[in-house]
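Before any comments, here is the structure.
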Amino acid sequence: MADVSGEELLSLVPVDPDRAAAIASERIGGTTDPVQLSYAHQALGILLRDGGDIDLAVTHLRTARRLSAGADPDREADVRATLGVALALRGRSAAALRELDGAADQATVDGAVRPKVLMRRAHVLAYLGRHADAVADLQEAVPSFHRAGDEVWEARALNLRAFVELLRGGFSRAERDLRAADELFTRQGQRLERHHVRHNLALIRFFRGDVPGSLAAFARLSADYTAHDQPQVELALDRARVLLTAGLSDEAVAALESAAAWTESRPRSRAELLVMRASARLGQGKPDLALDDARAARALFVRQERDWWRIRADLVALQARIELGRGSRRAAVALAGSLADDRTEDRVLAQLLAGRELAATDPAGASTYLSKAALGRHRGTPLSRSTAWLAHALDLEVRGRPRVLQAVGHGLDALAEHRATLGSPELRAMTAIHSSDLSTLAVRHALRRGPRALVEWADRGRAASLSEPVPAPTDPVVDDHLAAIRGLSHRIGEETDPDVVAALVRERSQRERAVRLAWAATSGAGGRTATVGADELVERLDDRVLVELVNVDERLYAVVVRDGRWRTIDVGPLAAAQKAVDRALYGLRSATRGRPIDLAPLAARLESALLGSVVRLLPPDRPVVVSPPTGLLSAPWGLLPSLHQRPVAITPSATAWARARAASSSSSRAVFVAGPGLPSGGGEVAPLAGGATTVVGEEATVPRVLSLLDGAGLVHIAAHGSFRSESPMFSSLTLADGPLTVGDIHRLAEPPHRIVLPACRSGVVAAIGSGGGQDVIGFASALLTQGTAGVIASIADVDDAATVAVMLDLHAGLARGERLDEALASARRAAADEPVRHATAVLFAAMGAA
């Protein structure tokens, strides 16, 4: 160890930190040479800094500086630069820059130390938000390292310059630098430092709009950092940013909180974590918590003299205040001014916020900011372009100009481009969060253009994720997680000790999160499906009547399409409809429990709130297709007096229905399944099965049932159901070996043509988004996504014995050759004289078109 020089010791730090620590510690106890001691303390300072112990790192580096004083000026400059970086990490920006500026002045102009000093100063300038100054230092440092033949430091400088260019939006320049750095690090065997290059390459993928690719890259990096026992705070911050963009706010918060403890001694990282968590809290719908985090981050950034970051905290705080109903025109305008020269997407967001805050009182002022935000509509990622197109559409609206719908259409096209890159059905549905404002504008302006336009534009923002099948990822690790989840769910159902149950639920949640993240890292096929055209829709309807309900600024409008004629009806307030649905569902649940209740007044009130005068346009006995906003999909449509006797099909969108109508099946194979623990024992299965394939009891395992579902013509699964509102992708049917989940449906090569799901709440969906842009996740919607043409499912808890009777009536209708909606209408009529059975029949819906 005594043969290792001071410079060699420093070069060991990133390559073999354990050996470097041992040599430095031995040297501190074994020499009195101040220069050698300064090297030892500097090495320990760097190791402690990178390990998160900033206070002790600063102590060692101050000692190293004192010991180097009076030695070679380059030696002292090198130590001062290292100390400057540590002080910056401690949040002492002014002191850091004093050391770094002094080091730059002290270092020999043509010596080997000056470019290292410049690079360290650039690092600090970058995190202070002084990106142009950082690039200027690096423009000198990179060629200096190259001339000296120092490939390791040249690669480090290139990597840092790429990172700064990323922050400035210079992705092509950044990628060139990163490729060069990767080649140099590879040549020099710097495996750990290659990870930092890969980290920045993953960021480029994100900034270019490849969310799945960046998530996959960050997952690999996390495993590599863990293997090298490296802190992962920067990875957590960047991974959270991607998760947040994908709509996975809960996962973003979890990623940040996993790194929170490590940031306690690093105020710089703590501040960045807080501002990112504030954004994630907004995504969770918790603006009060977001505002607390943003304010705490702002205070830290002010103390650290980091104005660039302080403005980001102010931006998140403004968003939180707007959501809390406490927006400020003055604050919005000030922020837009502060970010006027910024090259990131934050500038577009700030200008959009300022424009929206001014729109009601100062249209001309609003247009000033909205038009600036709109300048980005032809460049950037699909998501950023959609935001800029929204700004353009709003600008046209406040100025009373035409072509608002054209602008909205470009914004929705950009979102469709983004959606096509996603291989996760959950992430595809989450794009509705981004489309809400565009879709709200669309239906507002389409209403003035007539019923055809209203249906067309409502469909563009509704249930877009159902447009094409989405296969599940083929990954042995995911398969292992899913098998473990089934086992855990089985144990949770049998366990009686609350503490054990809580531990099992935690483990299941962790595994479910791993599966969701693995799926989120899967790229989409890239295809996009257009909405159904008016002529095609009329042709497919045949003798049916379409009633498409649209939420236009919290008021419900109905478009009735009958025999090629289109009419728009103003139904009434959306809130009244939602209230009537809640009352009707409460009454029906009471009725299924045998409580005497008069459903007639509830039915009349529900019909008035949901259809209004539409009922006068519905000819007797004609089948009806109802396409409501997602919040009304779970309404008991069969309870309405005008719909009770007739076939009624429910669909998330006219386009989804037309797609289901076009589906065909050459298979006549029928499958009947009875899961475990049913009070009725799956009583309808035996009398219905006949010559069909029947699987009951212990044979009804997930693999067995999935194999039978593939390509079947008709499937009936009697099993307990569970709708997971907090994790709808894991809503399930309980089979012998555990749950068959929504995700499992996406593993089918060819889903069943028709399926009957008598389980409680099997038709309930999670509504994603708001206003005009909404999507759904649930068991029935997953089947429709994959290509199933028709689903019978329940919208609430149902009585088991009455369900058996309803299912027998339903299948009797199917045996007569009736469609699902026709057979369900027959079952409702047959149950009319028995209150419990009637309420149960009404709580089933026919979804799709088979």
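Labels for the structure tokens follow display order: chains A, B, ..., residues from 1 in each chain, ligands from 1.
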I'd like a table as JSON lines: residues in stretch 418-529 of chain A with an atom no more than 12 Å from stretch 277-291 of chain A, each row giving the shortest atom pair and its distance in Å to one decimal, only C-alpha atoms counted, sorted by chain and rising residue number.
{"residue": "A:Met430", "atom": "CA", "partner": "A:Gly283", "partner_atom": "CA", "distance": 11.1}
{"residue": "A:Ile433", "atom": "CA", "partner": "A:Gly283", "partner_atom": "CA", "distance": 9.4}
{"residue": "A:His434", "atom": "CA", "partner": "A:Gly283", "partner_atom": "CA", "distance": 11.1}
For the residues in the current selection, export C-alpha atoms as an mmCIF file, in the first residue's frame.
data_model
loop_
_atom_site.group_PDB
_atom_site.id
_atom_site.type_symbol
_atom_site.label_atom_id
_atom_site.label_comp_id
_atom_site.auth_asym_id
_atom_site.auth_seq_id
_atom_site.Cartn_x
_atom_site.Cartn_y
_atom_site.Cartn_z
ATOM 1 C CA MET A 430 -53.822 6.740 -17.821
ATOM 2 C CA ILE A 433 -55.482 12.209 -17.518
ATOM 3 C CA HIS A 434 -53.583 14.161 -20.168
#
| query | Mind checking DSSP for stretch 132-313 of chain A and telling me the alpha helix (DSSP H) residues as a VMD selection string? | reply | chain A and resid 132 to 148 151 to 168 171 to 188 191 to 207 211 to 227 233 to 246 249 to 258 267 to 283 287 to 303 307 to 313
| said: Give me, as a list in words, all polymer residues having an atom no more than 8 Å from stretch 694-698 of chain A, counting only C-alpha atoms and skipping those fewer than 5 positions away in the same chain. | reply: Val671, Phe672, Val673, Ala674, Gly675, Pro676, Val685, Ala689, Val705, Ala736 and Asp737 of chain A
Write out as a Markdown table the residues of stretch 97-135 of chain A that have any atom within 12 Å of an atom of stretch 327-345 of chain A, one row each with the nearest atom pair and its distance in Å to one decimal, counting only C-alpha atoms, sorted by chain and then rising number.
| residue | atom | partner | partner_atom | distance |
| --- | --- | --- | --- | --- |
| A:Gly129 | CA | A:Asp342 | CA | 10.5 |
| A:Arg130 | CA | A:Asp342 | CA | 11.3 |
| A:His131 | CA | A:Asp342 | CA | 10.6 |
| A:Ala132 | CA | A:Asp342 | CA | 11.4 |
Residues of the last selection are to be written out with N, CA and C atoms, as a compact mmCIF listing (two decimals), in the first residue's frame.
# COMPACT_ATOMS: atom_id res chain seq x y z
N GLY A 129 -28.51 25.72 -11.58
CA GLY A 129 -29.33 26.17 -12.69
C GLY A 129 -28.63 27.11 -13.64
N ARG A 130 -27.34 27.33 -13.44
CA ARG A 130 -26.57 28.23 -14.32
C ARG A 130 -25.96 27.39 -15.45
N HIS A 131 -26.83 26.92 -16.33
CA HIS A 131 -26.43 25.93 -17.33
C HIS A 131 -25.47 26.49 -18.36
N ALA A 132 -25.68 27.71 -18.80
CA ALA A 132 -24.79 28.30 -19.81
C ALA A 132 -23.38 28.44 -19.25
| request: For A:Ala580, please output as number ranges by chain all residues within 7 Å (counting only C-alpha atoms; exclusion window: fewer than 6 positions along the same chain). | output: A: 605-606, 609
| field | Residues within 9 Å of A:Ala202, only C-alpha atoms, excluding chain neighbours under 4 positions, as a ChimeraX atom specification | value | /A:197-198,206-207,213-218
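Atom CA of A:Leu221 is found 8.0 Å from atom CA of A:Leu235.
Take the candidates A:Asp598, A:Glu323, A:Glu251, A:Asp50 and check each one against A:Val85 using only C-alpha atoms; the shortest distance goes to A:Asp50.
Note that the spacing between atom CA of A:Val515 and atom CA of A:Asp224 amounts to 19.5 Å.
The gap separating atom CA of A:Asn159 from atom CA of A:Gly45 is 22.4 Å, in Å to one decimal.
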| said: Can you tell me which residues surround stretch 87-90 of chain A at a distance of at most 7 Å, considering only C-alpha atoms, apart from same-chain residues fewer than 3 positions away, and format the answer as a ChimeraX atom specification? | reply: /A:54,58,83-84,93,95-96,124,266-268
Go ahead and write the selection's residues with N, CA, C and O atoms as a PDB file, in the first residue's frame.
ATOM      1  N   ILE A  54     -22.086  13.869   4.362  1.00  0.00           N
ATOM      2  CA  ILE A  54     -21.518  15.115   3.858  1.00  0.00           C
ATOM      3  C   ILE A  54     -20.769  15.871   4.954  1.00  0.00           C
ATOM      4  O   ILE A  54     -19.695  16.456   4.703  1.00  0.00           O
ATOM      5  N   VAL A  58     -16.912  16.962   4.600  1.00  0.00           N
ATOM      6  CA  VAL A  58     -16.426  18.348   4.637  1.00  0.00           C
ATOM      7  C   VAL A  58     -15.299  18.486   5.654  1.00  0.00           C
ATOM      8  O   VAL A  58     -14.300  19.186   5.404  1.00  0.00           O
ATOM      9  N   LEU A  83     -13.504  20.237  -2.179  1.00  0.00           N
ATOM     10  CA  LEU A  83     -14.234  20.810  -1.048  1.00  0.00           C
ATOM     11  C   LEU A  83     -15.433  21.612  -1.532  1.00  0.00           C
ATOM     12  O   LEU A  83     -16.518  21.560  -0.931  1.00  0.00           O
ATOM     13  N   GLY A  84     -15.252  22.362  -2.617  1.00  0.00           N
ATOM     14  CA  GLY A  84     -16.356  23.157  -3.154  1.00  0.00           C
ATOM     15  C   GLY A  84     -17.554  22.301  -3.522  1.00  0.00           C
ATOM     16  O   GLY A  84     -18.704  22.664  -3.236  1.00  0.00           O
ATOM     17  N   SER A  93     -24.070  27.031  -1.138  1.00  0.00           N
ATOM     18  CA  SER A  93     -23.711  27.349  -2.519  1.00  0.00           C
ATOM     19  C   SER A  93     -22.683  28.468  -2.617  1.00  0.00           C
ATOM     20  O   SER A  93     -21.730  28.392  -3.408  1.00  0.00           O
ATOM     21  N   ALA A  95     -20.420  29.507  -0.404  1.00  0.00           N
ATOM     22  CA  ALA A  95     -19.112  29.038   0.038  1.00  0.00           C
ATOM     23  C   ALA A  95     -18.502  28.099  -0.994  1.00  0.00           C
ATOM     24  O   ALA A  95     -17.288  28.125  -1.245  1.00  0.00           O
ATOM     25  N   ALA A  96     -19.340  27.277  -1.606  1.00  0.00           N
ATOM     26  CA  ALA A  96     -18.853  26.347  -2.620  1.00  0.00           C
ATOM     27  C   ALA A  96     -18.241  27.104  -3.795  1.00  0.00           C
ATOM     28  O   ALA A  96     -17.145  26.775  -4.264  1.00  0.00           O
ATOM     29  N   VAL A 124     -21.294  22.144 -10.059  1.00  0.00           N
ATOM     30  CA  VAL A 124     -22.011  22.977  -9.101  1.00  0.00           C
ATOM     31  C   VAL A 124     -22.873  24.011  -9.828  1.00  0.00           C
ATOM     32  O   VAL A 124     -24.034  24.252  -9.465  1.00  0.00           O
ATOM     33  N   ARG A 266     -28.172  15.393   3.111  1.00  0.00           N
ATOM     34  CA  ARG A 266     -27.815  16.040   1.847  1.00  0.00           C
ATOM     35  C   ARG A 266     -28.918  17.037   1.486  1.00  0.00           C
ATOM     36  O   ARG A 266     -29.866  16.706   0.764  1.00  0.00           O
ATOM     37  N   PRO A 267     -28.845  18.252   1.982  1.00  0.00           N
ATOM     38  CA  PRO A 267     -29.915  19.234   1.728  1.00  0.00           C
ATOM     39  C   PRO A 267     -30.196  19.448   0.251  1.00  0.00           C
ATOM     40  O   PRO A 267     -31.341  19.681  -0.134  1.00  0.00           O
ATOM     41  N   ARG A 268     -29.154  19.385  -0.578  1.00  0.00           N
ATOM     42  CA  ARG A 268     -29.381  19.565  -2.012  1.00  0.00           C
ATOM     43  C   ARG A 268     -30.333  18.497  -2.537  1.00  0.00           C
ATOM     44  O   ARG A 268     -31.340  18.789  -3.192  1.00  0.00           O
TER      45      ARG A 268
END
| Sel. of strand (DSSP E or B) residues, stretch 485-587 of chain A, as a ChimeraX atom specification | /A:523,545-552,555-562,565-573
Keeping only N, CA and C atoms, write the selected residues as a PDB file, in the first residue's frame.
ATOM      1  N   SER A 523     -42.913  -1.843 -24.218  1.00  0.00           N
ATOM      2  CA  SER A 523     -43.283  -0.932 -25.298  1.00  0.00           C
ATOM      3  C   SER A 523     -44.514  -1.420 -26.035  1.00  0.00           C
ATOM      4  N   VAL A 545     -81.131   1.365 -31.531  1.00  0.00           N
ATOM      5  CA  VAL A 545     -81.103   2.814 -31.328  1.00  0.00           C
ATOM      6  C   VAL A 545     -79.913   3.126 -30.418  1.00  0.00           C
ATOM      7  N   LEU A 546     -79.052   4.031 -30.858  1.00  0.00           N
ATOM      8  CA  LEU A 546     -77.917   4.445 -30.031  1.00  0.00           C
ATOM      9  C   LEU A 546     -78.289   5.680 -29.219  1.00  0.00           C
ATOM     10  N   VAL A 547     -77.980   5.620 -27.933  1.00  0.00           N
ATOM     11  CA  VAL A 547     -78.093   6.801 -27.074  1.00  0.00           C
ATOM     12  C   VAL A 547     -76.707   7.048 -26.485  1.00  0.00           C
ATOM     13  N   GLU A 548     -76.026   8.039 -27.024  1.00  0.00           N
ATOM     14  CA  GLU A 548     -74.702   8.389 -26.492  1.00  0.00           C
ATOM     15  C   GLU A 548     -74.844   9.619 -25.614  1.00  0.00           C
ATOM     16  N   LEU A 549     -74.469   9.465 -24.347  1.00  0.00           N
ATOM     17  CA  LEU A 549     -74.556  10.552 -23.382  1.00  0.00           C
ATOM     18  C   LEU A 549     -73.189  11.204 -23.246  1.00  0.00           C
ATOM     19  N   VAL A 550     -73.177  12.533 -23.278  1.00  0.00           N
ATOM     20  CA  VAL A 550     -71.915  13.275 -23.274  1.00  0.00           C
ATOM     21  C   VAL A 550     -71.968  14.350 -22.202  1.00  0.00           C
ATOM     22  N   ASN A 551     -70.891  14.426 -21.426  1.00  0.00           N
ATOM     23  CA  ASN A 551     -70.742  15.472 -20.413  1.00  0.00           C
ATOM     24  C   ASN A 551     -70.121  16.701 -21.065  1.00  0.00           C
ATOM     25  N   VAL A 552     -70.918  17.766 -21.180  1.00  0.00           N
ATOM     26  CA  VAL A 552     -70.424  19.026 -21.731  1.00  0.00           C
ATOM     27  C   VAL A 552     -70.487  20.068 -20.619  1.00  0.00           C
ATOM     28  N   ARG A 555     -72.849  19.257 -17.800  1.00  0.00           N
ATOM     29  CA  ARG A 555     -74.245  19.071 -18.182  1.00  0.00           C
ATOM     30  C   ARG A 555     -74.333  17.892 -19.144  1.00  0.00           C
ATOM     31  N   LEU A 556     -75.367  17.086 -18.965  1.00  0.00           N
ATOM     32  CA  LEU A 556     -75.499  15.857 -19.728  1.00  0.00           C
ATOM     33  C   LEU A 556     -76.336  16.109 -20.985  1.00  0.00           C
ATOM     34  N   TYR A 557     -75.749  15.734 -22.141  1.00  0.00           N
ATOM     35  CA  TYR A 557     -76.459  15.804 -23.415  1.00  0.00           C
ATOM     36  C   TYR A 557     -76.525  14.389 -23.990  1.00  0.00           C
ATOM     37  N   ALA A 558     -77.613  14.099 -24.687  1.00  0.00           N
ATOM     38  CA  ALA A 558     -77.777  12.789 -25.327  1.00  0.00           C
ATOM     39  C   ALA A 558     -77.868  12.972 -26.837  1.00  0.00           C
ATOM     40  N   VAL A 559     -77.128  12.144 -27.549  1.00  0.00           N
ATOM     41  CA  VAL A 559     -77.290  12.048 -28.997  1.00  0.00           C
ATOM     42  C   VAL A 559     -78.033  10.748 -29.277  1.00  0.00           C
ATOM     43  N   VAL A 560     -79.167  10.849 -29.938  1.00  0.00           N
ATOM     44  CA  VAL A 560     -79.971   9.677 -30.283  1.00  0.00           C
ATOM     45  C   VAL A 560     -79.812   9.423 -31.781  1.00  0.00           C
ATOM     46  N   VAL A 561     -79.355   8.203 -32.118  1.00  0.00           N
ATOM     47  CA  VAL A 561     -79.194   7.804 -33.522  1.00  0.00           C
ATOM     48  C   VAL A 561     -80.188   6.682 -33.794  1.00  0.00           C
ATOM     49  N   ARG A 562     -81.159   6.955 -34.663  1.00  0.00           N
ATOM     50  CA  ARG A 562     -82.224   5.980 -34.956  1.00  0.00           C
ATOM     51  C   ARG A 562     -82.552   6.029 -36.438  1.00  0.00           C
ATOM     52  N   ARG A 565     -81.155   8.795 -38.502  1.00  0.00           N
ATOM     53  CA  ARG A 565     -81.440  10.161 -38.075  1.00  0.00           C
ATOM     54  C   ARG A 565     -80.719  10.433 -36.754  1.00  0.00           C
ATOM     55  N   TRP A 566     -80.175  11.643 -36.616  1.00  0.00           N
ATOM     56  CA  TRP A 566     -79.383  12.033 -35.447  1.00  0.00           C
ATOM     57  C   TRP A 566     -80.067  13.219 -34.763  1.00  0.00           C
ATOM     58  N   ARG A 567     -80.193  13.135 -33.434  1.00  0.00           N
ATOM     59  CA  ARG A 567     -80.767  14.259 -32.688  1.00  0.00           C
ATOM     60  C   ARG A 567     -80.000  14.450 -31.385  1.00  0.00           C
ATOM     61  N   THR A 568     -79.864  15.701 -30.954  1.00  0.00           N
ATOM     62  CA  THR A 568     -79.218  16.033 -29.680  1.00  0.00           C
ATOM     63  C   THR A 568     -80.273  16.504 -28.696  1.00  0.00           C
ATOM     64  N   ILE A 569     -80.239  15.980 -27.488  1.00  0.00           N
ATOM     65  CA  ILE A 569     -81.189  16.328 -26.426  1.00  0.00           C
ATOM     66  C   ILE A 569     -80.421  16.823 -25.206  1.00  0.00           C
ATOM     67  N   ASP A 570     -80.833  17.956 -24.655  1.00  0.00           N
ATOM     68  CA  ASP A 570     -80.287  18.462 -23.391  1.00  0.00           C
ATOM     69  C   ASP A 570     -80.999  17.728 -22.262  1.00  0.00           C
ATOM     70  N   VAL A 571     -80.263  16.844 -21.568  1.00  0.00           N
ATOM     71  CA  VAL A 571     -80.869  16.001 -20.528  1.00  0.00           C
ATOM     72  C   VAL A 571     -80.936  16.728 -19.196  1.00  0.00           C
ATOM     73  N   GLY A 572     -79.829  17.353 -18.760  1.00  0.00           N
ATOM     74  CA  GLY A 572     -79.832  18.040 -17.479  1.00  0.00           C
ATOM     75  C   GLY A 572     -78.482  17.965 -16.802  1.00  0.00           C
ATOM     76  N   PRO A 573     -78.399  18.434 -15.562  1.00  0.00           N
ATOM     77  CA  PRO A 573     -77.113  18.468 -14.851  1.00  0.00           C
ATOM     78  C   PRO A 573     -76.536  17.072 -14.624  1.00  0.00           C
TER      79      PRO A 573
END
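Using only C-alpha atoms, the shortest contact distance between A:Val836 and any of A:Leu748, A:Leu588, A:Ala22, A:Val614 is found at A:Leu588.
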